[in-house]
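Okay, so here's the structure we're looking at.
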There are 2 protein chains.
Amino acid sequence: MQEELLLTPGPTPVARRTYQAMSQGIFGHRTSRFKEMSAGIQKKLQPLFGTDNPVAVLTSSGTSALESAMVNLVDDGDTVVLIVSGVFGGKFADIAGRYDLNVHVYAVTWGEAADPKSFGEYLNGLDNVTAVFTQACETSTSVLHPLSELADVVHNYNEETLFIVDAVSALGGADMNMTRDNIDCIVSGSQKALMLPPGLAFVAVNDRALNKVHSLGNRRYYLDLRMYFKSLEVDYTPQTPAVTLYQGLDDVLNMIHEETIEEVFARHKKMQNMLRRGIEALELELFVKEDAASPTVTAVTSTPEEIAHIKNTLEKDYHISVAGGQKDLAGKIIRIGHMGFMFPKDMLAILSALEDILSKLRNKNYYGKALTAAQESLYDKA
Amino acid sequence: MQEELLLTPGPTPVARRTYQAMSQGIFGHRTSRFKEMSAGIQKKLQPLFGTDNPVAVLTSSGTSALESAMVNLVDDGDTVVLIVSGVFGGKFADIAGRYDLNVHVYAVTWGEAADPKSFGEYLNGLDNVTAVFTQACETSTSVLHPLSELADVVHNYNEETLFIVDAVSALGGADMNMTRDNIDCIVSGSQKALMLPPGLAFVAVNDRALNKVHSLGNRRYYLDLRMYFKSLEVDYTPQTPAVTLYQGLDDVLNMIHEETIEEVFARHKKMQNMLRRGIEALELELFVKEDAASPTVTAVTSTPEEIAHIKNTLEKDYHISVAGGQKDLAGKIIRIGHMGFMFPKDMLAILSALEDILSKLRNKNYYGKALTAAQESLYDKA
């Protein structure tokens with residue numbers, strides 16, 4: 001019997017070698033062995049974020065990293081702007097609602113990327129904005145926002161205003177770099193393009209954001225980044241870390257650096273292109289326009305009947321898991337993840353299944369069509 | 001080469017079968033497969049806490065469960081009492097210091113258990129105490145507090161006052177039961193007597209504490225227990241859970257229930273007795289008196305020179321890891337953990353090593369002495 005092919009936009013498949021790394025055996029987190037592992041992880045993690053600063057590694061879900069960015073970088077009474085373009089933007093709004101903040105939501109039509117020009121006009125109409133929060137990839141719609149252009153808008157508004165990016169479903173798959181793109185803080189999680197199980201979260205800050213962290217004293221303990229950065233000075237963690245996930249992290253970072261970060265980004269782009277060209281050949285609709293599409297997840301739309309039939313049949317007959325739409329998009333899209341430990345062959349697997357499903361459903365011969373388009377894209381013959 | 005024997009009071013050894021359970025393969029946490037696993041875990045977890053209520057499972061370190069108990073059960077401006085008998089009591093104080101609370105510390109001499117009578121006198125001298133926090137086992141000294149007697153003191157003071165117990169290094173090893181012992185909230189972590197790697201934390205509350213959770217609206221998101229209990233109504237989690245650790249949790253709970261909870265407690269008591277009788281036979285000093293000793297960890301004292309020599313030699317020549325003292329006790333004690341996936345044979349291993357180390361160090365023949373005492377204790381021939 002075939003193993004399940006997990007093509008959801010998180011969780012994503014974990015390599016066998018990584019499970020082995022996580023099964024080496026537990027050891028104390030106040031030992032030189034941990035210290036060495038932690039130091040090695042920092043060295044390999046920083047280039048992935050595009051920073052020379054230590055990256056806080058939290059033992060918790062990605063959501064906690066979003067909250068951590070909010071409570072460590074924004075003070076009571078501050079004015080913040082949230083770019084909300086889907087479910088995960090809504091999560092930033094939920095978190096912000098728990099705190100004493102003056103919150104402005106810049107709503108983007110679901111399925112579209114934030115337009116830097118319009119956003120600039122919106123932002124310039126507001127006073128004293130301390131921070132702007134956005135997703136890099138809004139996982140619920142498969143949009144990738146133009147981070148570098150948005151960062152320019154924010155820093156042109158006020159060079160002290162922080163630009164904070166939730167890259168949970170993008171970091172390690174989409175080309176981003178805090179220094180090059182002028183992003184003040186990137187948060188991420190372990191279970192997406194980083195190829196790990198869930199349980200670790202990351203917060204990277206540049207010097208400007210780090211100063212802010214040190215200048216605030218909001219009420220919090222577990223999510224206090226000051227303690228994480230202080231412990232990192234000696235390669236420790238303030239609280240007991242999830243050691244097995246650290247062992248896995250060390251392994252996946254080795255994998256990324258063996259392939260090289262550039263090649264990893266290129267592989268994600270290739271999978272995105274294969275899938276998009278294949279989807280078009282199947283006469284299904286791509287939910288997101290080419291220039292706003294994420295290299296980590298692709299949303300596909302059709303009639304509600306076809307969407308339901310495709311999702312169920314993929315699961316039942318082909319052991320391929322994809323995700324459906326969330327909230328406003330429930331029943332309207334399927335989302336195919338292509339990030340992390342995933343390869344062109346996996347795109348062939350799902351396109352092959354889709355060819356069969358649609359050939360039968362529509363009584364039309366799609367065999368080979370999507371695969372051909374994908375191959376031509378992969379080998380640049382399109 | 002011999003594998004390391006990890007006899008620290010956390011982390012503790014993880015069984016091979018549990019690593020296998022954690023390597024089954026990742027799957028979505030919004031699936032019926034997760035729902036079923038979560039429901040099974042609840043059924044097996046609740047008797048371990050002695051509650052019929054759902055137990056919140058957080059993806060985070062034990063410390064976050066301490067903070068969670070504090071922010072969910074105590075309101076701004078409330079008066080709380082912390083029983084501080086070592087380093088981990090100090091952690092409660094650190095957390096409390098981040099919030100707007102009126103904090104009273106009931107200090108207990110390190111190495112002693114809180115005396116219910118004296119504590120009662122102290123507590124009765126205070127007005128409007130909303131909650132009392134204590135460790136079950138203070139890991140830094142190896143003391144087990146008399147929980148049931150302390151609970152009586154608290155509830156006689158005021159039946160609305162909550163008695164909140166940090167059982168990170170005790171739950172699953174020391175006999176405790178929220179219902180029988182009248183404890184309002186027990187928090188714990190995965191990496192001690194529960195035989196897992198670190199990364200999960202637990203918060204169990206009785207009805208009285210649950211009402212309090214629902215009546216408060218403190219500023220928090222990730223640690224908001226209301227969301228965890230709401231999600232548990234349908235066997236989900238509010239945020240992405242550490243799925244591999246859940247897979248492991250399911251396995252260790254099966255192990256505990258196969259052995260039976262009563263037998264697990266009895267095994268811990270047996271290891272405690274073996275170790276204590278063996279230590280006495282070696283003319284080392286037990287740091288904690290018999291009636292205050294924890295069944296999960298034992299602290300041993302001697303001259304600073306002997307303590308340093310024993311700890312280093314155990315590690316270097318016998319591949320046995322134990323813990324030293326923390327803060328005021330640094331260099332003064334070694335702490336031998338005997339909780340979780342640990343058995344009488346492991347007590348023989350360390351006592352055998354100690355016989356050899358001390359025979360050489362003191363130029364005196366201890367061979368067989370500690371092992372004999374341990375055997376007599378184990379087989380009730382003392």
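By order of appearance in the structure tokens: chains A, B, ..., then residues from 1 within every chain, and ligands from 1 in the order shown.
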
Considering only C-alpha atoms, return as a short mmCIF file (atom, residue, chain, number, x, y, z; two decimals) with N, CA and C atoms, in the first residue's frame whatever protein or nucleic-acid residues lie within 6 Å of region 63-70 of chain B, sequence-local ones (same chain, fewer than 4 positions apart) excluded.
```cif
data_model
loop_
_atom_site.label_atom_id
_atom_site.label_comp_id
_atom_site.auth_asym_id
_atom_site.auth_seq_id
_atom_site.Cartn_x
_atom_site.Cartn_y
_atom_site.Cartn_z
N TYR A 222 7.15 33.82 29.37
CA TYR A 222 7.60 32.80 28.42
C TYR A 222 7.95 33.40 27.06
N VAL B 74 -5.46 33.98 38.12
CA VAL B 74 -5.26 35.10 39.03
C VAL B 74 -5.48 36.39 38.26
N VAL B 187 -0.03 21.64 37.14
CA VAL B 187 0.65 21.82 35.85
C VAL B 187 1.83 20.86 35.79
N ALA B 201 3.46 20.77 27.58
CA ALA B 201 3.15 21.17 28.95
C ALA B 201 1.67 20.90 29.19
N LEU B 223 -1.21 31.60 25.63
CA LEU B 223 -1.40 30.90 26.90
C LEU B 223 -2.84 31.01 27.43
#
```

Contact set, chain A to chain B: 7 Å, only C-alpha atoms, as a ChimeraX atom specification: /A:11,13,19,23,26-28,59-61,63-64,95,98-99,197-199,219-222,239-244

Given only C-alpha atoms as the counted atoms, nearest of A:Lys311, A:His338, A:His257, A:Lys332 to Thr298 (chain A): A:His338

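Counting from CA of Ser188 (chain A), the distance to CA of Ser118 (chain A) is 26.7 Å.
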
All alpha helix (DSSP H) positions in region 214-344 of chain B, as a count of residues only: 64

7 Å contact set for region 251-253 of chain A, only C-alpha atoms, chain neighbours under 3 positions out, as a PyMOL selection string: chain A and resi 18+21+44+194-195+247-248+256-257

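The two atoms in question, CA of Val129 (chain A) and CA of Ile83 (chain A), are spaced 13.0 Å apart.
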
d(CA of Ser85 (chain B), CA of Thr109 (chain B)) in Å: 6.1 Å

DSSP strand (DSSP E or B) residues within region 83-254 of chain A, listed as a PyMOL selection string: chain A and resi 83-84+102-107+129-135+137-138+143-144+162-166+171+174+185-189+200-205

For the residues in that selection, give me N, CA, C and O atoms as a short mmCIF file (atom, residue, chain, number, x, y, z; two decimals), in the first residue's frame.
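Done, and the output landed in out11.cif:
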```cif
data_model
loop_
_atom_site.label_atom_id
_atom_site.label_comp_id
_atom_site.auth_asym_id
_atom_site.auth_seq_id
_atom_site.Cartn_x
_atom_site.Cartn_y
_atom_site.Cartn_z
N ILE A 83 -1.74 44.27 7.82
CA ILE A 83 -2.16 43.97 6.45
C ILE A 83 -2.86 42.62 6.51
O ILE A 83 -2.24 41.60 6.78
N VAL A 84 -4.18 42.63 6.30
CA VAL A 84 -4.95 41.40 6.44
C VAL A 84 -5.45 40.95 5.07
O VAL A 84 -6.27 41.62 4.45
N ASN A 102 -3.78 50.40 19.42
CA ASN A 102 -4.64 51.13 18.49
C ASN A 102 -4.43 50.48 17.11
O ASN A 102 -3.43 50.72 16.45
N VAL A 103 -5.37 49.62 16.72
CA VAL A 103 -5.16 48.74 15.57
C VAL A 103 -5.88 49.25 14.32
O VAL A 103 -7.08 49.55 14.36
N HIS A 104 -5.14 49.37 13.23
CA HIS A 104 -5.74 49.67 11.92
C HIS A 104 -5.54 48.47 11.00
O HIS A 104 -4.42 47.97 10.89
N VAL A 105 -6.62 48.05 10.37
CA VAL A 105 -6.52 46.92 9.46
C VAL A 105 -6.55 47.42 8.02
O VAL A 105 -7.49 48.11 7.61
N TYR A 106 -5.51 47.09 7.29
CA TYR A 106 -5.49 47.37 5.85
C TYR A 106 -5.93 46.09 5.15
O TYR A 106 -5.19 45.11 5.08
N ALA A 107 -7.19 46.07 4.73
CA ALA A 107 -7.76 44.85 4.18
C ALA A 107 -7.43 44.71 2.70
O ALA A 107 -7.64 45.63 1.92
N VAL A 129 2.25 55.60 13.39
CA VAL A 129 2.23 54.14 13.30
C VAL A 129 3.58 53.60 13.74
O VAL A 129 4.62 53.96 13.20
N THR A 130 3.56 52.72 14.75
CA THR A 130 4.79 52.18 15.33
C THR A 130 5.28 50.96 14.57
O THR A 130 6.48 50.72 14.47
N ALA A 131 4.33 50.18 14.07
CA ALA A 131 4.72 48.94 13.39
C ALA A 131 3.67 48.52 12.39
O ALA A 131 2.47 48.75 12.59
N VAL A 132 4.14 47.89 11.32
CA VAL A 132 3.27 47.31 10.31
C VAL A 132 3.53 45.81 10.28
O VAL A 132 4.68 45.37 10.21
N PHE A 133 2.44 45.05 10.37
CA PHE A 133 2.54 43.59 10.36
C PHE A 133 1.93 43.04 9.08
O PHE A 133 0.85 43.46 8.68
N THR A 134 2.61 42.07 8.49
CA THR A 134 2.01 41.38 7.34
C THR A 134 2.45 39.93 7.31
O THR A 134 3.43 39.55 7.95
N GLN A 135 1.72 39.12 6.58
CA GLN A 135 2.23 37.80 6.22
C GLN A 135 3.19 37.98 5.04
O GLN A 135 3.04 38.92 4.25
N CYS A 137 3.82 35.00 2.97
CA CYS A 137 2.85 34.23 2.21
C CYS A 137 1.61 34.09 3.07
O CYS A 137 1.68 33.62 4.20
N GLU A 138 0.45 34.53 2.58
CA GLU A 138 -0.81 34.28 3.30
C GLU A 138 -1.25 32.87 2.91
O GLU A 138 -1.71 32.62 1.80
N VAL A 143 -1.04 33.61 -1.63
CA VAL A 143 -0.46 34.86 -2.14
C VAL A 143 0.90 35.12 -1.49
O VAL A 143 1.07 34.87 -0.30
N LEU A 144 1.84 35.61 -2.27
CA LEU A 144 3.10 36.10 -1.69
C LEU A 144 3.12 37.62 -1.84
O LEU A 144 2.96 38.13 -2.95
N LEU A 162 8.49 49.94 12.44
CA LEU A 162 9.00 48.58 12.21
C LEU A 162 8.13 47.82 11.21
O LEU A 162 6.89 47.90 11.25
N PHE A 163 8.79 47.07 10.34
CA PHE A 163 8.08 46.23 9.37
C PHE A 163 8.29 44.77 9.79
O PHE A 163 9.41 44.25 9.75
N ILE A 164 7.19 44.15 10.21
CA ILE A 164 7.25 42.83 10.85
C ILE A 164 6.52 41.81 9.97
O ILE A 164 5.35 42.00 9.63
N VAL A 165 7.22 40.74 9.64
CA VAL A 165 6.70 39.79 8.65
C VAL A 165 6.52 38.40 9.25
O VAL A 165 7.46 37.82 9.79
N ASP A 166 5.31 37.87 9.12
CA ASP A 166 5.02 36.48 9.47
C ASP A 166 5.36 35.62 8.26
O ASP A 166 4.65 35.65 7.25
N LEU A 171 9.32 31.08 4.90
CA LEU A 171 10.76 31.05 5.18
C LEU A 171 11.37 29.68 4.87
O LEU A 171 10.91 28.66 5.36
N ALA A 174 10.62 30.64 0.05
CA ALA A 174 10.56 31.85 -0.76
C ALA A 174 11.80 32.70 -0.49
O ALA A 174 12.24 32.81 0.65
N CYS A 185 11.73 42.48 11.34
CA CYS A 185 11.50 41.26 12.12
C CYS A 185 10.81 40.22 11.24
O CYS A 185 9.84 40.53 10.55
N ILE A 186 11.34 39.01 11.25
CA ILE A 186 10.68 37.89 10.56
C ILE A 186 10.41 36.81 11.59
O ILE A 186 11.30 36.43 12.35
N VAL A 187 9.17 36.33 11.63
CA VAL A 187 8.86 35.18 12.49
C VAL A 187 8.52 33.99 11.61
O VAL A 187 8.01 34.14 10.50
N SER A 188 8.82 32.80 12.12
CA SER A 188 8.50 31.61 11.35
C SER A 188 8.27 30.42 12.28
O SER A 188 8.38 30.54 13.51
N GLY A 189 7.92 29.29 11.68
CA GLY A 189 7.66 28.07 12.45
C GLY A 189 8.39 26.91 11.81
O GLY A 189 8.91 27.01 10.69
N LEU A 200 8.59 24.19 17.06
CA LEU A 200 9.56 25.27 17.24
C LEU A 200 9.07 26.51 16.48
O LEU A 200 8.43 26.39 15.44
N ALA A 201 9.39 27.67 17.03
CA ALA A 201 9.05 28.93 16.38
C ALA A 201 10.28 29.82 16.41
O ALA A 201 11.16 29.65 17.27
N PHE A 202 10.36 30.73 15.47
CA PHE A 202 11.57 31.54 15.31
C PHE A 202 11.22 33.02 15.26
O PHE A 202 10.22 33.41 14.65
N VAL A 203 12.06 33.83 15.88
CA VAL A 203 11.90 35.28 15.78
C VAL A 203 13.28 35.88 15.50
O VAL A 203 14.20 35.76 16.30
N ALA A 204 13.40 36.51 14.33
CA ALA A 204 14.65 37.18 13.97
C ALA A 204 14.39 38.68 13.95
O ALA A 204 13.38 39.13 13.42
N VAL A 205 15.30 39.44 14.53
CA VAL A 205 15.14 40.89 14.56
C VAL A 205 16.43 41.57 14.11
O VAL A 205 17.53 41.06 14.37
#
```

Got a sec: who's within 10 Å of Asp52 (chain B), counting only C-alpha atoms, leaving out chain neighbours fewer than 4 positions off, as a PDB file with all heavy atoms, in the first residue's frame?
```
ATOM      1  N   GLN B  42      -6.674  12.197  26.019  1.00  0.00           N
ATOM      2  CA  GLN B  42      -7.445  12.762  27.140  1.00  0.00           C
ATOM      3  C   GLN B  42      -7.919  11.663  28.083  1.00  0.00           C
ATOM      4  O   GLN B  42      -7.826  11.796  29.301  1.00  0.00           O
ATOM      5  CB  GLN B  42      -8.664  13.539  26.606  1.00  0.00           C
ATOM      6  CG  GLN B  42      -8.321  14.921  26.096  1.00  0.00           C
ATOM      7  CD  GLN B  42      -7.718  15.822  27.171  1.00  0.00           C
ATOM      8  OE1 GLN B  42      -8.147  15.834  28.319  1.00  0.00           O
ATOM      9  NE2 GLN B  42      -6.691  16.565  26.810  1.00  0.00           N
ATOM     10  N   LYS B  43      -8.421  10.575  27.504  1.00  0.00           N
ATOM     11  CA  LYS B  43      -8.960   9.477  28.313  1.00  0.00           C
ATOM     12  C   LYS B  43      -7.879   8.884  29.215  1.00  0.00           C
ATOM     13  O   LYS B  43      -8.147   8.475  30.342  1.00  0.00           O
ATOM     14  CB  LYS B  43      -9.488   8.395  27.357  1.00  0.00           C
ATOM     15  CG  LYS B  43     -10.823   7.804  27.769  1.00  0.00           C
ATOM     16  CD  LYS B  43     -11.322   6.838  26.721  1.00  0.00           C
ATOM     17  CE  LYS B  43     -11.647   5.498  27.345  1.00  0.00           C
ATOM     18  NZ  LYS B  43     -12.065   4.516  26.326  1.00  0.00           N
ATOM     19  N   LEU B  45      -4.959  10.526  30.014  1.00  0.00           N
ATOM     20  CA  LEU B  45      -4.257  11.566  30.776  1.00  0.00           C
ATOM     21  C   LEU B  45      -5.025  11.939  32.047  1.00  0.00           C
ATOM     22  O   LEU B  45      -4.425  12.170  33.107  1.00  0.00           O
ATOM     23  CB  LEU B  45      -4.114  12.799  29.872  1.00  0.00           C
ATOM     24  CG  LEU B  45      -3.016  13.828  30.111  1.00  0.00           C
ATOM     25  CD1 LEU B  45      -1.657  13.194  30.276  1.00  0.00           C
ATOM     26  CD2 LEU B  45      -2.997  14.828  28.943  1.00  0.00           C
ATOM     27  N   GLN B  46      -6.333  12.010  31.941  1.00  0.00           N
ATOM     28  CA  GLN B  46      -7.136  12.485  33.072  1.00  0.00           C
ATOM     29  C   GLN B  46      -6.932  11.663  34.349  1.00  0.00           C
ATOM     30  O   GLN B  46      -6.747  12.238  35.429  1.00  0.00           O
ATOM     31  CB  GLN B  46      -8.614  12.563  32.665  1.00  0.00           C
ATOM     32  CG  GLN B  46      -8.871  13.720  31.693  1.00  0.00           C
ATOM     33  CD  GLN B  46     -10.196  13.604  30.942  1.00  0.00           C
ATOM     34  OE1 GLN B  46     -11.087  12.877  31.354  1.00  0.00           O
ATOM     35  NE2 GLN B  46     -10.292  14.323  29.837  1.00  0.00           N
ATOM     36  N   PRO B  47      -6.934  10.306  34.282  1.00  0.00           N
ATOM     37  CA  PRO B  47      -6.711   9.548  35.528  1.00  0.00           C
ATOM     38  C   PRO B  47      -5.342   9.805  36.150  1.00  0.00           C
ATOM     39  O   PRO B  47      -5.172   9.670  37.358  1.00  0.00           O
ATOM     40  CB  PRO B  47      -6.829   8.078  35.093  1.00  0.00           C
ATOM     41  CG  PRO B  47      -7.156   8.058  33.664  1.00  0.00           C
ATOM     42  CD  PRO B  47      -7.257   9.447  33.145  1.00  0.00           C
ATOM     43  N   MET B 178      -5.807  15.025  41.949  1.00  0.00           N
ATOM     44  CA  MET B 178      -6.457  16.314  42.189  1.00  0.00           C
ATOM     45  C   MET B 178      -7.750  16.189  42.992  1.00  0.00           C
ATOM     46  O   MET B 178      -8.018  17.007  43.867  1.00  0.00           O
ATOM     47  CB  MET B 178      -6.829  16.969  40.849  1.00  0.00           C
ATOM     48  CG  MET B 178      -5.658  17.517  40.095  1.00  0.00           C
ATOM     49  SD  MET B 178      -6.192  18.207  38.515  1.00  0.00           S
ATOM     50  CE  MET B 178      -7.099  19.662  39.060  1.00  0.00           C
ATOM     51  N   THR B 179      -8.529  15.175  42.658  1.00  0.00           N
ATOM     52  CA  THR B 179      -9.835  15.039  43.315  1.00  0.00           C
ATOM     53  C   THR B 179      -9.638  14.607  44.770  1.00  0.00           C
ATOM     54  O   THR B 179     -10.120  15.265  45.690  1.00  0.00           O
ATOM     55  CB  THR B 179     -10.690  14.004  42.552  1.00  0.00           C
ATOM     56  OG1 THR B 179     -10.742  14.396  41.179  1.00  0.00           O
ATOM     57  CG2 THR B 179     -12.093  13.939  43.121  1.00  0.00           C
ATOM     58  N   ALA B 204      -4.091  21.047  34.245  1.00  0.00           N
ATOM     59  CA  ALA B 204      -5.359  20.427  34.629  1.00  0.00           C
ATOM     60  C   ALA B 204      -6.031  21.291  35.688  1.00  0.00           C
ATOM     61  O   ALA B 204      -5.363  21.755  36.612  1.00  0.00           O
ATOM     62  CB  ALA B 204      -5.107  19.029  35.183  1.00  0.00           C
ATOM     63  N   VAL B 205      -7.320  21.525  35.539  1.00  0.00           N
ATOM     64  CA  VAL B 205      -8.045  22.348  36.507  1.00  0.00           C
ATOM     65  C   VAL B 205      -9.322  21.639  36.931  1.00  0.00           C
ATOM     66  O   VAL B 205      -9.934  20.924  36.139  1.00  0.00           O
ATOM     67  CB  VAL B 205      -8.419  23.731  35.912  1.00  0.00           C
ATOM     68  CG1 VAL B 205      -7.176  24.587  35.694  1.00  0.00           C
ATOM     69  CG2 VAL B 205      -9.193  23.599  34.607  1.00  0.00           C
ATOM     70  N   ASN B 206      -9.705  21.822  38.197  1.00  0.00           N
ATOM     71  CA  ASN B 206     -11.002  21.303  38.624  1.00  0.00           C
ATOM     72  C   ASN B 206     -12.090  22.324  38.274  1.00  0.00           C
ATOM     73  O   ASN B 206     -11.801  23.383  37.700  1.00  0.00           O
ATOM     74  CB  ASN B 206     -10.980  20.925  40.115  1.00  0.00           C
ATOM     75  CG  ASN B 206     -10.766  22.123  41.031  1.00  0.00           C
ATOM     76  OD1 ASN B 206     -10.793  23.279  40.575  1.00  0.00           O
ATOM     77  ND2 ASN B 206     -10.536  21.860  42.296  1.00  0.00           N
ATOM     78  N   ASP B 207     -13.342  22.016  38.628  1.00  0.00           N
ATOM     79  CA  ASP B 207     -14.450  22.895  38.217  1.00  0.00           C
ATOM     80  C   ASP B 207     -14.293  24.305  38.780  1.00  0.00           C
ATOM     81  O   ASP B 207     -14.572  25.285  38.097  1.00  0.00           O
ATOM     82  CB  ASP B 207     -15.792  22.311  38.669  1.00  0.00           C
ATOM     83  CG  ASP B 207     -16.154  21.073  37.860  1.00  0.00           C
ATOM     84  OD1 ASP B 207     -15.602  20.906  36.753  1.00  0.00           O
ATOM     85  OD2 ASP B 207     -16.978  20.267  38.343  1.00  0.00           O
TER      86      ASP B 207
END
```

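Proximity to Arg277 (chain A) was assessed for A:Glu306, A:Asp235, A:Glu376, A:Glu263 counting only C-alpha atoms; the smallest distance is recorded for A:Glu376.
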